[in-house]
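Undergrad: To be precise about what I am sending: the file is called entry_1.tsv and holds TSV, C-alpha atoms.
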chain	number	residue	atom	x	y	z
A	1	MET	CA	168.23	71.94	135.17
A	2	LYS	CA	164.71	72.16	136.56
A	3	LYS	CA	164.84	75.86	135.87
A	4	SER	CA	165.85	75.42	132.28
A	5	ILE	CA	163.05	72.88	131.71
A	6	ALA	CA	160.60	75.30	133.12
A	7	MET	CA	162.03	78.03	130.92
A	8	ALA	CA	161.80	75.80	127.86
A	9	ALA	CA	158.23	74.83	128.72
A	10	MET	CA	157.43	78.49	129.12
A	11	ALA	CA	159.05	79.34	125.82
A	12	VAL	CA	157.06	76.60	124.12
A	13	ALA	CA	153.91	77.85	125.80
A	14	ILE	CA	154.61	81.40	124.73
A	15	SER	CA	155.45	80.37	121.18
A	16	PHE	CA	152.27	78.28	120.98
A	17	GLY	CA	150.34	81.08	122.45
A	18	SER	CA	151.71	83.58	119.98
A	19	VAL	CA	151.11	81.23	117.08
A	20	SER	CA	147.46	80.75	118.05
A	21	CYS	CA	147.16	84.51	118.48
A	22	LYS	CA	148.46	85.08	115.01
A	23	LYS	CA	145.94	82.62	113.58
A	24	LYS	CA	143.01	84.11	115.42
A	25	VAL	CA	141.88	87.47	114.01
A	26	SER	CA	140.96	89.82	116.81
A	27	ASP	CA	137.34	90.82	117.38
A	28	ALA	CA	138.34	94.42	116.72
A	29	ASP	CA	139.66	93.54	113.27
A	30	LEU	CA	136.63	91.42	112.52
A	31	GLN	CA	134.41	94.24	113.70
A	32	THR	CA	136.03	96.60	111.23
A	33	GLN	CA	135.59	94.20	108.34
A	34	ALA	CA	132.07	93.21	109.32
A	35	THR	CA	130.98	96.81	109.76
A	36	THR	CA	132.26	97.61	106.27
A	37	VAL	CA	130.05	94.84	104.90
A	38	VAL	CA	126.99	95.74	106.93
A	39	THR	CA	127.02	99.47	106.16
A	40	ALA	CA	125.64	98.49	102.73
A	41	ASN	CA	122.34	98.06	104.55
A	42	PRO	CA	121.75	101.20	106.64
A	43	GLY	CA	119.03	99.54	108.73
A	44	ALA	CA	121.32	96.85	110.08
A	45	SER	CA	124.26	96.64	112.43
A	46	VAL	CA	126.72	93.98	113.48
A	47	GLU	CA	128.64	93.22	116.63
A	48	ILE	CA	131.48	90.75	116.94
A	49	LYS	CA	131.83	88.74	120.11
A	50	ASP	CA	134.43	86.02	120.34
A	51	GLY	CA	134.59	85.67	116.58
A	52	VAL	CA	130.82	85.39	116.21
A	53	ALA	CA	128.98	88.08	114.29
A	54	HIS	CA	125.70	89.17	115.80
A	55	LEU	CA	123.64	90.71	113.05
A	56	SER	CA	120.69	92.89	114.04
A	57	GLY	CA	118.40	95.52	112.53
A	58	THR	CA	116.04	95.33	109.59
A	59	PHE	CA	116.30	94.31	105.98
A	60	GLU	CA	114.02	95.07	103.05
A	61	THR	CA	113.94	91.46	101.94
A	62	GLN	CA	114.87	88.01	103.15
A	63	GLU	CA	117.24	87.73	100.17
A	64	ALA	CA	119.13	90.86	101.22
A	65	LYS	CA	119.46	89.48	104.73
A	66	ASP	CA	120.62	86.06	103.54
A	67	ALA	CA	123.13	87.65	101.20
A	68	MET	CA	124.59	89.70	104.02
A	69	ILE	CA	124.86	86.67	106.29
A	70	GLN	CA	126.80	84.89	103.54
A	71	GLN	CA	129.12	87.88	103.16
A	72	LEU	CA	129.77	87.93	106.89
A	73	LYS	CA	130.46	84.20	106.98
A	74	ALA	CA	132.95	84.69	104.16
A	75	ILE	CA	135.09	86.97	106.30
A	76	ASN	CA	138.16	85.07	107.38
A	77	GLY	CA	138.00	84.57	111.13
A	78	ILE	CA	134.27	84.80	111.61
A	79	LYS	CA	133.18	81.52	113.16
A	80	ASP	CA	129.47	81.99	112.84
A	81	VAL	CA	126.77	84.56	112.23
A	82	HIS	CA	124.10	84.95	114.83
A	83	ASP	CA	121.05	86.24	112.99
A	84	MET	CA	118.94	88.58	115.09
A	85	ALA	CA	117.85	90.76	112.16
A	86	THR	CA	114.30	91.08	110.90
A	87	VAL	CA	112.77	91.57	107.49
A	88	ALA	CA	110.47	94.57	107.21
A	89	PRO	CA	109.88	96.14	103.84
A	90	THR	CA	109.76	99.87	104.25
A	91	LYS	CA	106.78	101.57	102.67
A	92	ALA	CA	107.63	103.06	99.35
A	93	THR	CA	107.33	106.78	99.73
A	94	ALA	CA	104.65	107.98	97.39
A	95	PRO	CA	105.59	110.64	94.88
A	96	PRO	CA	104.19	114.07	95.67
A	97	ILE	CA	100.72	114.78	94.40
A	98	GLU	CA	100.78	116.91	91.32
A	99	MET	CA	98.97	120.18	91.77
A	100	GLN	CA	97.19	122.21	89.18
A	101	SER	CA	97.11	125.95	89.27
A	102	ALA	CA	93.79	127.45	90.29
A	103	VAL	CA	94.22	130.09	87.60
A	104	ASP	CA	94.83	127.60	84.79
A	105	PRO	CA	92.10	128.24	82.18
A	106	ALA	CA	91.33	124.51	81.90
A	107	VAL	CA	90.89	124.36	85.66
A	108	GLN	CA	88.76	127.49	85.62
A	109	GLN	CA	86.51	125.89	83.00
A	110	LYS	CA	86.11	122.79	85.15
A	111	VAL	CA	85.26	124.89	88.17
A	112	LYS	CA	82.71	126.76	86.08
A	113	ASP	CA	81.20	123.44	84.97
A	114	ALA	CA	81.13	122.27	88.57
A	115	VAL	CA	79.18	125.23	89.93
A	116	LYS	CA	77.03	125.90	86.86
A	117	ASP	CA	73.94	124.25	88.30
A	118	ILE	CA	74.56	125.55	91.77
A	119	PRO	CA	73.33	129.10	92.11
A	120	GLY	CA	74.60	131.28	94.91
A	121	VAL	CA	78.20	130.13	94.72
A	122	LYS	CA	80.86	132.66	93.84
A	123	VAL	CA	84.29	131.44	92.79
A	124	GLU	CA	87.42	133.56	93.08
A	125	VAL	CA	91.12	132.96	93.20
A	126	ILE	CA	92.52	134.79	96.20
A	127	ASN	CA	96.29	134.63	96.74
A	128	GLY	CA	96.42	131.70	94.36
A	129	GLU	CA	93.86	129.76	96.34
A	130	LEU	CA	90.47	128.85	94.98
A	131	THR	CA	87.97	130.52	97.24
A	132	LEU	CA	84.25	129.80	97.22
A	133	THR	CA	81.76	132.12	98.82
A	134	GLY	CA	77.99	132.55	98.88
A	135	ASN	CA	75.17	130.43	100.19
A	136	VAL	CA	74.63	126.76	99.43
A	137	SER	CA	72.72	123.79	100.74
A	138	SER	CA	74.67	120.96	102.30
A	139	SER	CA	73.94	118.63	99.37
A	140	ASP	CA	75.14	121.23	96.89
A	141	ALA	CA	78.24	121.87	98.98
A	142	ARG	CA	78.98	118.17	98.69
A	143	LYS	CA	78.59	118.27	94.91
A	144	VAL	CA	80.92	121.24	94.68
A	145	LYS	CA	83.55	119.61	96.87
A	146	GLU	CA	83.30	116.33	94.94
A	147	SER	CA	84.05	118.18	91.71
A	148	VAL	CA	86.60	120.66	93.04
A	149	ASP	CA	88.59	118.11	95.06
A	150	ALA	CA	89.10	116.11	91.87
A	151	LEU	CA	90.93	119.09	90.35
A	152	LYS	CA	93.64	119.07	93.02
A	153	VAL	CA	94.44	122.75	93.05
A	154	GLY	CA	96.00	122.74	96.49
A	155	LYS	CA	94.19	124.49	99.31
A	156	VAL	CA	90.60	125.40	98.54
A	157	ASN	CA	88.74	127.75	100.84
A	158	TYR	CA	85.15	126.64	101.15
A	159	ASN	CA	84.05	129.89	102.71
A	160	TYR	CA	80.40	129.75	101.79
A	161	THR	CA	77.57	129.61	104.25
A	162	VAL	CA	76.07	126.14	104.22
A	163	LYS	CA	72.45	125.88	105.22
B	1	MET	CA	99.26	108.01	112.67
B	2	SER	CA	99.20	111.71	112.02
B	3	THR	CA	96.57	114.04	113.39
B	4	LEU	CA	94.91	114.38	109.99
B	5	GLN	CA	94.86	110.65	109.39
B	6	ASP	CA	93.41	110.27	112.83
B	7	LYS	CA	90.77	112.92	112.20
B	8	TYR	CA	89.64	111.32	108.95
B	9	SER	CA	90.25	107.67	109.82
B	10	SER	CA	86.53	106.94	109.38
B	11	VAL	CA	86.69	108.21	105.79
B	12	VAL	CA	89.64	105.95	105.05
B	13	SER	CA	87.99	102.94	106.67
B	14	ALA	CA	84.79	103.66	104.71
B	15	ALA	CA	86.85	103.65	101.52
B	16	GLN	CA	88.43	100.36	102.54
B	17	SER	CA	85.12	98.68	103.30
B	18	ALA	CA	83.54	100.08	100.12
B	19	GLY	CA	86.24	98.27	98.15
B	20	ILE	CA	87.82	101.36	96.64
B	21	SER	CA	90.65	100.10	94.47
B	22	GLY	CA	94.06	101.74	94.28
B	23	LEU	CA	93.28	103.52	97.52
B	24	GLN	CA	95.93	106.07	98.41
B	25	VAL	CA	96.06	108.13	101.54
B	26	GLN	CA	98.71	110.77	101.50
B	27	GLU	CA	99.36	113.91	103.47
B	28	GLN	CA	100.79	116.91	101.70
B	29	ASP	CA	100.96	120.55	102.76
B	30	GLY	CA	98.47	120.07	105.54
B	31	ILE	CA	95.88	118.35	103.38
B	32	LEU	CA	94.99	114.66	103.53
B	33	TYR	CA	94.55	113.32	100.01
B	34	VAL	CA	92.35	110.26	99.72
B	35	SER	CA	92.12	108.89	96.23
B	36	GLY	CA	91.07	105.73	94.47
B	37	SER	CA	88.65	104.17	92.06
B	38	ALA	CA	85.12	103.07	92.79
B	39	SER	CA	83.43	100.37	90.76
B	40	ASN	CA	80.05	102.03	91.16
B	41	THR	CA	78.39	105.18	92.46
B	42	ALA	CA	77.31	103.60	95.74
B	43	ALA	CA	80.92	102.88	96.68
B	44	LYS	CA	81.91	106.47	95.96
B	45	ASP	CA	78.94	107.72	97.96
B	46	ALA	CA	79.96	105.61	100.94
B	47	VAL	CA	83.24	107.52	101.14
B	48	TRP	CA	81.55	110.91	100.88
B	49	ASN	CA	78.90	109.90	103.41
B	50	ALA	CA	81.71	109.17	105.85
B	51	LEU	CA	83.07	112.68	105.31
B	52	GLY	CA	79.57	114.11	105.80
B	53	ALA	CA	79.37	112.40	109.17
B	54	ILE	CA	82.42	114.41	110.28
B	55	ASP	CA	81.95	117.56	108.22
B	56	SER	CA	78.25	118.02	107.54
B	57	THR	CA	78.83	121.19	105.51
B	58	TYR	CA	81.46	119.59	103.26
B	59	SER	CA	83.63	122.66	103.79
B	60	ALA	CA	86.81	121.11	105.14
B	61	SER	CA	89.95	122.40	103.49
B	62	ASP	CA	92.25	119.83	105.06
B	63	ILE	CA	90.91	116.80	103.23
B	64	ASN	CA	90.76	116.18	99.51
B	65	ILE	CA	88.75	113.20	98.33
B	66	ASP	CA	89.26	112.13	94.76
B	67	VAL	CA	87.33	108.91	94.40
B	68	GLN	CA	86.03	108.44	90.90
B	69	VAL	CA	83.76	105.82	89.45
B	70	SER	CA	85.97	104.28	86.82
B	71	GLY	CA	86.49	101.21	84.72
B	72	LEU	CA	82.89	101.07	83.56
B	73	ALA	CA	82.40	99.05	80.41
B	74	ALA	CA	80.85	100.58	77.33
B	75	GLY	CA	77.19	99.74	77.30
B	76	THR	CA	76.78	100.09	81.07
B	77	ALA	CA	73.32	101.37	81.92
B	78	LEU	CA	73.42	104.66	83.80
B	79	THR	CA	70.60	106.27	85.72
B	80	VAL	CA	70.04	109.99	85.31
B	81	ALA	CA	70.27	111.47	88.79
B	82	THR	CA	69.60	115.16	88.35
B	83	ASP	CA	67.95	117.14	91.15
B	84	ASP	CA	64.76	117.82	89.21
B	85	SER	CA	65.59	119.10	85.74
B	86	ASN	CA	66.51	117.14	82.65
B	87	LEU	CA	70.12	116.24	82.01
B	88	ASN	CA	71.76	118.06	79.15
B	89	ILE	CA	73.58	115.99	76.57
B	90	ARG	CA	76.20	118.18	74.95
B	91	GLN	CA	78.20	118.12	71.76
B	92	GLU	CA	81.53	118.55	73.57
B	93	PRO	CA	82.62	117.86	77.14
B	94	SER	CA	81.99	121.38	78.42
B	95	THR	CA	79.06	123.39	79.70
B	96	ASP	CA	79.93	125.87	76.95
B	97	ALA	CA	79.11	123.29	74.27
B	98	ALA	CA	75.79	123.09	72.47
B	99	ILE	CA	73.02	120.97	73.93
B	100	ILE	CA	72.11	118.22	71.49
B	101	GLY	CA	69.73	116.23	73.62
B	102	LYS	CA	68.15	115.80	77.01
B	103	ALA	CA	67.57	112.88	79.33
B	104	THR	CA	64.83	112.93	81.92
B	105	LYS	CA	65.48	112.45	85.60
B	106	GLY	CA	65.35	108.80	86.56
B	107	SER	CA	65.65	107.55	83.01
B	108	SER	CA	68.32	105.15	81.86
B	109	ILE	CA	70.98	105.99	79.32
B	110	THR	CA	73.88	103.98	77.95
B	111	LEU	CA	77.55	104.66	78.55
B	112	ILE	CA	79.78	104.92	75.50
B	113	GLU	CA	82.95	105.89	77.34
B	114	GLN	CA	84.16	107.64	80.45
B	115	THR	CA	85.86	110.45	78.59
B	116	SER	CA	87.11	112.15	81.76
B	117	ASP	CA	86.19	112.17	85.43
B	118	ASP	CA	83.65	114.91	84.79
B	119	TRP	CA	82.29	114.09	81.36
B	120	TRP	CA	81.03	110.79	80.07
B	121	LYS	CA	80.02	110.10	76.51
B	122	VAL	CA	76.57	108.60	76.51
B	123	LYS	CA	73.75	107.54	74.25
B	124	THR	CA	70.19	108.39	75.13
B	125	SER	CA	67.28	106.00	74.61
B	126	ASP	CA	66.23	108.07	71.57
B	127	GLY	CA	69.65	107.66	70.00
B	128	HIS	CA	71.36	110.96	70.81
B	129	GLU	CA	75.07	110.64	71.47
B	130	GLY	CA	76.92	113.27	73.41
B	131	TYR	CA	78.54	114.24	76.68
B	132	ALA	CA	76.85	114.39	80.04
B	133	TYR	CA	78.21	115.72	83.33
B	134	SER	CA	79.08	112.58	85.31
B	135	ARG	CA	77.85	114.02	88.61
B	136	TYR	CA	74.31	113.42	87.41
B	137	LEU	CA	74.87	109.85	86.34
B	138	ARG	CA	74.73	106.85	88.64
B	139	ALA	CA	76.37	103.57	87.78
Could you spell out this file's structure in structure tokens?

TA:
Amino acid sequence: MKKSIAMAAMAVAISFGSVSCKKKVSDADLQTQATTVVTANPGASVEIKDGVAHLSGTFETQEAKDAMIQQLKAINGIKDVHDMATVAPTKATAPPIEMQSAVDPAVQQKVKDAVKDIPGVKVEVINGELTLTGNVSSSDARKVKESVDALKVGKVNYNYTVK
Amino acid sequence: MSTLQDKYSSVVSAAQSAGISGLQVQEQDGILYVSGSASNTAAKDAVWNALGAIDSTYSASDINIDVQVSGLAAGTALTVATDDSNLNIRQEPSTDAAIIGKATKGSSITLIEQTSDDWWKVKTSDGHEGYAYSRYLRA
């Protein structure tokens, strides 16, 4: 009799246990679901511990972070979201600087204008690179560079002797 | 911070303290590009002076400074800053164009418009209108 009571109690315990197990989604399952959500933001990651999502990493905006926390909370079985993530807008990568060709006639004219009043400077295009030779004073060299830099023709070889 | 940005950090900080607007510092193909707009010639000069402190011969090929005086209103008084000669006022924005007037060194002329970085349309005190090379004008 005692034995059967114990058995029954055990059965009840097991059945309760299995019921509660069925209700509770495992951390592994939650991890899979949460990871799927979080991969939308490559800078962030999530870890599930005892049904709590620990969100870390960086987000572009507070709104993006808040939205993700809401999505995680919406997953059935996640009890809470522990927010350890930060907001750090990444610098927008600047578009590449547009280069002009050193042999472009319009560029050549501008170079000619730039060195017109500066005797002793010789301008050539060597291997596609604007190359300046001759003798100039430091103040004239500055004037030339001020004008030539504005043209943005890539590498310029200031090979003159500056006195 | 990259080596180039490190090397020319004083140029960039000079641009910042001179109030260069739209300041951009970008590295591309081994050249540091520093660009922006100056509200007057002194601000532009401050940036170039900073380069001169590092590179006294202004021969560096690994930095490109494109700081232009821009946004000047029509009617702004400009000072002719030639070395010693008179400033040519030309019919078109090119040294190939005919000279239609001259402005003496140190005199004041009036801006009509900043046609390009290099050429500004101006009006001399004796009423000649034409294009002058902006290098010789101070705002």

Undergrad: Go through chain B residue by residue and, counting all atoms listed in the file, keep those with an atom at most 12 Å from chain A; for each kept residue give the shortest atom pair and its distance in Å to one decimal, ordered by chain and increasing number, as a tab-separated table.

TA:
residue	atom	partner	partner_atom	distance
B:Gln24	CA	A:Ala94	CA	9.0
B:Val25	CA	A:Ala94	CA	9.5
B:Gln26	CA	A:Ala94	CA	7.7
B:Glu27	CA	A:Pro96	CA	9.2
B:Gln28	CA	A:Pro96	CA	7.5
B:Asp29	CA	A:Gly154	CA	8.3
B:Gly30	CA	A:Lys155	CA	8.8
B:Ile31	CA	A:Lys155	CA	7.6
B:Leu32	CA	A:Lys155	CA	10.7
B:Tyr33	CA	A:Ile97	CA	8.5
B:Val34	CA	A:Asp149	CA	9.9
B:Ser35	CA	A:Ala150	CA	9.0
B:Gly36	CA	A:Ala150	CA	10.9
B:Ser37	CA	A:Ala150	CA	11.9
B:Lys44	CA	A:Glu146	CA	10.0
B:Asp45	CA	A:Glu146	CA	10.1
B:Val47	CA	A:Glu146	CA	10.8
B:Trp48	CA	A:Arg142	CA	8.0
B:Asn49	CA	A:Arg142	CA	9.5
B:Ala50	CA	A:Arg142	CA	11.8
B:Leu51	CA	A:Arg142	CA	9.5
B:Gly52	CA	A:Arg142	CA	8.2
B:Ala53	CA	A:Ser138	CA	11.9
B:Asp55	CA	A:Ser138	CA	10.0
B:Ser56	CA	A:Ser138	CA	7.0
B:Thr57	CA	A:Ser138	CA	5.3
B:Tyr58	CA	A:Arg142	CA	5.4
B:Ser59	CA	A:Tyr158	CA	5.0
B:Ala60	CA	A:Tyr158	CA	7.0
B:Ser61	CA	A:Val156	CA	5.8
B:Asp62	CA	A:Lys155	CA	7.7
B:Ile63	CA	A:Asp149	CA	8.6
B:Asn64	CA	A:Asp149	CA	5.3
B:Ile65	CA	A:Asp149	CA	5.9
B:Asp66	CA	A:Ala150	CA	4.9
B:Val67	CA	A:Ala150	CA	7.8
B:Gln68	CA	A:Ala150	CA	8.3
B:Val69	CA	A:Ala150	CA	11.8
B:Thr82	CA	A:Asp117	CA	10.1
B:Asp83	CA	A:Asp117	CA	9.7
B:Asp84	CA	A:Asp117	CA	11.2
B:Ser85	CA	A:Asp117	CA	10.1
B:Asn86	CA	A:Asp117	CA	11.7
B:Leu87	CA	A:Asp117	CA	10.9
B:Asn88	CA	A:Asp117	CA	11.3
B:Pro93	CA	A:Asp113	CA	9.7
B:Ser94	CA	A:Asp113	CA	6.9
B:Thr95	CA	A:Asp113	CA	5.7
B:Asp96	CA	A:Asp113	CA	8.5
B:Ala97	CA	A:Asp113	CA	10.9
B:Ser116	CA	A:Ala150	CA	11.0
B:Asp117	CA	A:Ala150	CA	8.1
B:Asp118	CA	A:Ser147	CA	7.7
B:Trp119	CA	A:Asp113	CA	10.1
B:Ala132	CA	A:Asp113	CA	11.2
B:Tyr133	CA	A:Asp113	CA	8.4
B:Ser134	CA	A:Ser147	CA	9.8
B:Arg135	CA	A:Lys143	CA	7.6
B:Tyr136	CA	A:Lys143	CA	9.9

Undergrad: Quick one: of B:Thr124, B:Ser39, B:Ser21, B:Ser2, who's nearest to Ala103 (chain B), counting all atoms listed in the file?

TA: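 Nearest to Ala103 (chain B): B:Thr124.
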
Undergrad: Using all atoms listed in the file, which of the listed residues (B:Arg90, B:Gly71, B:Val12, B:Lys102) sits closest to Ala139 (chain B)?

TA: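 Comparing B:Arg90, B:Gly71, B:Val12, B:Lys102 against Ala139 (chain B), the winner is B:Gly71.
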
Undergrad: Compile the contact shell of Ser45 (chain A) as a list of chain:residue names: residues with an atom at most 7 Å away, counting all atoms listed in the file, same-chain residues fewer than 6 positions apart removed.

TA: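 Contacts, in chain order: A:Val38, A:Leu55, A:Ser56, A:Gly57.
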
Undergrad: Given all atoms listed in the file as the basis, pick out the residue of A:Pro119, A:Ala85, A:Asp80, A:Ser26 nearest to Asn41 (chain A).

TA: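 Among A:Pro119, A:Ala85, A:Asp80, A:Ser26, it is A:Ala85 that comes nearest to Asn41 (chain A).
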
Undergrad: Distance CA of Ser17 (chain B)-CA of Ala73 (chain B), one decimal place?

TA: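 Result for CA of Ser17 (chain B) versus CA of Ala73 (chain B): 23.1 Å, one decimal.
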
Undergrad: What does the structure give for the distance between CA of Gln100 (chain A) and CA of Ala74 (chain B), in Å to one decimal?

TA: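 Interatomic distance here is 29.6 Å.
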
Undergrad: Which value, in Å to one decimal, gives the distance between CA of Thr104 (chain B) and CA of Val115 (chain A)?

TA: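 These two atoms are separated by 20.5 Å.
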
Undergrad: Using all atoms listed in the file, pick whichever of B:Thr41, B:Glu129, B:Ala77, B:Ile89 has the shortest atom-to-atom distance to Ser108 (chain B).

TA: B:Ala77

Undergrad: What's around Gly120 (chain A) at 9 Å? Count all atoms listed in the file, leave out sequence neighbours fewer than 5 positions away in its own chain, and write the answer as a compact mmCIF listing (two decimals) with C-alpha atoms, in the frame of the given file.

TA:
# COMPACT_ATOMS: atom_id res chain seq x y z
CA THR A 133 81.76 132.12 98.82
CA GLY A 134 77.99 132.55 98.88
CA ASN A 135 75.17 130.43 100.19
CA VAL A 136 74.63 126.76 99.43

Undergrad: What's the 8 Å shell around Arg138 (chain B), counting all atoms listed in the file, without same-chain residues fewer than 4 positions away, as a list in words?

TA: Asn40, Thr41, Leu78, Thr79, Val80, Ala81 and Ser134 of chain B

Undergrad: Kindly indicate which residue among A:Asn127, A:Val52, A:Ile118, A:Val107 lies nearest to Asn76 (chain A), using only C-alpha atoms for the distances.

TA: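 Of A:Asn127, A:Val52, A:Ile118, A:Val107, the one nearest Asn76 (chain A) is A:Val52, counting only C-alpha atoms.
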